[in-house]
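**Q** Please read through the structure below; I'll follow up with questions.
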Amino acid sequence: MRFQKLLYLAAGLGLLYLSHRTYGWPGVAAVGGGLTMWLLLHFTRLMTVLKRASDRPIGYVDSAVMLNAKLKPGVTLMHVMAMTRSLGERLSEESVQPEVYRWRDNGDSTVTAEFLNGKLQGWKLHRPSPDEAAGSGSSTP
């Protein structure tokens with residue numbers, strides 16, 4: 001993960017160097033503007049995801065079954081937050097790897113996801129049995 005971040009930095013610096021060698025300072029200004037726009041687009045997406053997540057309860061998802069079907073190994077926590085439009089309920093201690101989050105729907109189905117360094121490693125869907133669902137409803141005399 002750190003290698004990938006360094007690769008992005010090296011690519012940006014390489015583009016700036018090549019633009020200066022080829023077009024001089026106007027090339028640096030053009031590439032610098034493009035890199036700034038790329039950073040602003042990512043920042044805007046991050047803020048949009050967090051704004052949508054702030055409007056919903058923590059750990060809520062419309063359908064845990066649909067979330068389970070959409071998840072793929074290696075996606076980031078930010079991508080999962082964008083799909084659920086909600087922050088996950090943290091089950092693990094802070095600053096402990098792997099991080100474990102849970103999302104619950106109205107039917108008490110849950111998806112528990114495990115993230116290692118911000119990337120999804122595994123997840124588990126739990127659906128209540130019909131007996132559990134009947135037991136959680138109103139009791140009959």
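Ordered as shown in the structure tokens, chains take letters A, B, and onward, while each chain numbers its residues from 1 and ligands are numbered from 1 in the order shown.
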Please, which residues of segment 30-134 of chain A, numbered as in this document, come out strand (DSSP E or B) from DSSP, as a list of chain:residue names?

**A**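 So, restricting segment 30-134 of chain A to strand (DSSP E or B), we get A:Tyr60, A:Thr76, A:Glu89, A:Arg90, A:Glu99, A:Val100, A:Tyr101, A:Arg102, A:Trp103, A:Arg104, A:Thr110, A:Val111, A:Thr112, A:Ala113, A:Glu114, A:Phe115, A:Leu116, A:Lys119, A:Leu120, A:Gln121, A:Gly122, A:Trp123, A:Lys124, A:Leu125, A:His126.
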
**Q** Quick one: write out the picked residues with N, CA, C and O atoms as an mmCIF file, in the first residue's frame?

**A**
```cif
data_model
loop_
_atom_site.group_PDB
_atom_site.id
_atom_site.type_symbol
_atom_site.label_atom_id
_atom_site.label_comp_id
_atom_site.auth_asym_id
_atom_site.auth_seq_id
_atom_site.Cartn_x
_atom_site.Cartn_y
_atom_site.Cartn_z
ATOM 1 N N TYR A 60 -26.053 1.258 9.395
ATOM 2 C CA TYR A 60 -27.310 0.915 8.730
ATOM 3 C C TYR A 60 -27.093 0.774 7.235
ATOM 4 O O TYR A 60 -26.355 1.543 6.624
ATOM 5 N N THR A 76 -11.754 -0.728 -1.023
ATOM 6 C CA THR A 76 -11.405 0.078 0.139
ATOM 7 C C THR A 76 -12.612 0.320 1.026
ATOM 8 O O THR A 76 -13.762 0.174 0.605
ATOM 9 N N GLU A 89 -20.510 0.166 11.798
ATOM 10 C CA GLU A 89 -20.385 0.086 13.250
ATOM 11 C C GLU A 89 -19.076 -0.638 13.553
ATOM 12 O O GLU A 89 -18.908 -1.804 13.196
ATOM 13 N N ARG A 90 -18.157 0.043 14.224
ATOM 14 C CA ARG A 90 -16.834 -0.534 14.497
ATOM 15 C C ARG A 90 -16.952 -1.579 15.595
ATOM 16 O O ARG A 90 -17.474 -1.310 16.663
ATOM 17 N N GLU A 99 -9.340 -4.234 10.976
ATOM 18 C CA GLU A 99 -10.493 -3.476 11.441
ATOM 19 C C GLU A 99 -11.757 -4.232 11.048
ATOM 20 O O GLU A 99 -11.868 -4.720 9.938
ATOM 21 N N VAL A 100 -12.702 -4.311 11.964
ATOM 22 C CA VAL A 100 -13.940 -5.049 11.721
ATOM 23 C C VAL A 100 -15.111 -4.081 11.858
ATOM 24 O O VAL A 100 -15.232 -3.373 12.861
ATOM 25 N N TYR A 101 -15.957 -4.049 10.833
ATOM 26 C CA TYR A 101 -17.133 -3.195 10.812
ATOM 27 C C TYR A 101 -18.358 -4.046 10.507
ATOM 28 O O TYR A 101 -18.273 -5.059 9.831
ATOM 29 N N ARG A 102 -19.527 -3.564 10.986
ATOM 30 C CA ARG A 102 -20.771 -4.283 10.733
ATOM 31 C C ARG A 102 -21.834 -3.304 10.241
ATOM 32 O O ARG A 102 -21.941 -2.184 10.733
ATOM 33 N N TRP A 103 -22.629 -3.774 9.266
ATOM 34 C CA TRP A 103 -23.785 -3.053 8.770
ATOM 35 C C TRP A 103 -25.007 -3.928 8.969
ATOM 36 O O TRP A 103 -24.967 -5.127 8.731
ATOM 37 N N ARG A 104 -26.127 -3.323 9.409
ATOM 38 C CA ARG A 104 -27.362 -4.042 9.722
ATOM 39 C C ARG A 104 -28.517 -3.420 8.937
ATOM 40 O O ARG A 104 -28.568 -2.219 8.745
ATOM 41 N N THR A 110 -27.161 -8.959 9.003
ATOM 42 C CA THR A 110 -25.956 -8.156 9.154
ATOM 43 C C THR A 110 -24.871 -8.642 8.207
ATOM 44 O O THR A 110 -24.835 -9.811 7.826
ATOM 45 N N VAL A 111 -24.012 -7.706 7.842
ATOM 46 C CA VAL A 111 -22.790 -8.014 7.104
ATOM 47 C C VAL A 111 -21.643 -7.516 7.962
ATOM 48 O O VAL A 111 -21.594 -6.335 8.316
ATOM 49 N N THR A 112 -20.750 -8.404 8.317
ATOM 50 C CA THR A 112 -19.565 -8.062 9.094
ATOM 51 C C THR A 112 -18.366 -8.142 8.156
ATOM 52 O O THR A 112 -18.125 -9.179 7.548
ATOM 53 N N ALA A 113 -17.657 -7.029 8.036
ATOM 54 C CA ALA A 113 -16.546 -6.937 7.082
ATOM 55 C C ALA A 113 -15.239 -6.715 7.821
ATOM 56 O O ALA A 113 -15.195 -5.991 8.821
ATOM 57 N N GLU A 114 -14.195 -7.323 7.308
ATOM 58 C CA GLU A 114 -12.861 -7.232 7.897
ATOM 59 C C GLU A 114 -11.938 -6.523 6.911
ATOM 60 O O GLU A 114 -11.804 -6.947 5.762
ATOM 61 N N PHE A 115 -11.310 -5.441 7.365
ATOM 62 C CA PHE A 115 -10.428 -4.638 6.530
ATOM 63 C C PHE A 115 -9.013 -4.688 7.088
ATOM 64 O O PHE A 115 -8.805 -4.465 8.275
ATOM 65 N N LEU A 116 -8.062 -4.985 6.234
ATOM 66 C CA LEU A 116 -6.651 -4.979 6.610
ATOM 67 C C LEU A 116 -5.977 -3.861 5.828
ATOM 68 O O LEU A 116 -5.975 -3.869 4.590
ATOM 69 N N LYS A 119 -8.211 -2.223 3.171
ATOM 70 C CA LYS A 119 -8.697 -3.045 2.054
ATOM 71 C C LYS A 119 -9.522 -4.200 2.601
ATOM 72 O O LYS A 119 -9.142 -4.836 3.588
ATOM 73 N N LEU A 120 -10.627 -4.488 1.938
ATOM 74 C CA LEU A 120 -11.523 -5.556 2.369
ATOM 75 C C LEU A 120 -10.862 -6.913 2.183
ATOM 76 O O LEU A 120 -10.426 -7.259 1.090
ATOM 77 N N GLN A 121 -10.781 -7.671 3.267
ATOM 78 C CA GLN A 121 -10.174 -8.999 3.235
ATOM 79 C C GLN A 121 -11.237 -10.096 3.209
ATOM 80 O O GLN A 121 -11.079 -11.092 2.527
ATOM 81 N N GLY A 122 -12.303 -9.890 3.958
ATOM 82 C CA GLY A 122 -13.352 -10.898 4.014
ATOM 83 C C GLY A 122 -14.604 -10.316 4.642
ATOM 84 O O GLY A 122 -14.562 -9.274 5.300
ATOM 85 N N TRP A 123 -15.710 -10.992 4.432
ATOM 86 C CA TRP A 123 -16.971 -10.540 5.000
ATOM 87 C C TRP A 123 -17.858 -11.747 5.235
ATOM 88 O O TRP A 123 -17.652 -12.814 4.675
ATOM 89 N N LYS A 124 -18.868 -11.541 6.094
ATOM 90 C CA LYS A 124 -19.766 -12.624 6.440
ATOM 91 C C LYS A 124 -21.175 -12.067 6.578
ATOM 92 O O LYS A 124 -21.388 -11.061 7.250
ATOM 93 N N LEU A 125 -22.106 -12.727 5.925
ATOM 94 C CA LEU A 125 -23.520 -12.356 6.012
ATOM 95 C C LEU A 125 -24.171 -13.219 7.081
ATOM 96 O O LEU A 125 -23.982 -14.432 7.112
ATOM 97 N N HIS A 126 -24.926 -12.584 7.954
ATOM 98 C CA HIS A 126 -25.700 -13.320 8.956
ATOM 99 C C HIS A 126 -27.163 -12.929 8.791
ATOM 100 O O HIS A 126 -27.517 -11.763 8.886
#
```

**Q** Tell me, in Å to one decimal, how far atom CA of Leu39 of chain A is from atom CA of Trp25 of chain A.

**A** 20.7 Å

**Q** Compile the contact shell of Met83 of chain A as a ChimeraX atom specification: residues with an atom at most 12 Å away, counting only C-alpha atoms, same-chain residues fewer than 5 positions apart removed.

**A** /A:49-50,52-53,60-64,66-72,75-78,88,103

**Q** From a DSSP calculation on the backbone, collect every residue of chain A in helix (DSSP H, G or I) and output the set as an NGL selection string.

**A** :A and (2-23 or 25-54 or 64-70 or 77-84 or 130-136)

**Q** So, counting only C-alpha atoms, which residue among A:His79, A:Gly118, A:Tyr23, A:Gly33 is closest to Leu46 of chain A?

**A**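 Checking each candidate against Leu46 of chain A, we get A:His79 as the closest.
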
**Q** When you look at segment 2-15 of chain A with a cut-off of 10 Å (counting only C-alpha atoms), what residues show up, excluding the ones that are within fewer than 6 positions of it in the same chain? I need them as a PDB file with C-alpha atoms, in the first residue's frame.

**A**
```pdb
ATOM      1  CA  ARG A  21      12.174  19.137 -20.305  1.00  0.00           C
ATOM      2  CA  GLY A  27       4.462  22.615 -19.518  1.00  0.00           C
ATOM      3  CA  VAL A  28       5.022  22.485 -15.760  1.00  0.00           C
ATOM      4  CA  VAL A  31       0.799  19.381 -15.792  1.00  0.00           C
ATOM      5  CA  GLY A  32       0.631  21.010 -12.354  1.00  0.00           C
ATOM      6  CA  LEU A  35      -2.465  17.101 -11.132  1.00  0.00           C
TER       7      LEU A  35
END
```
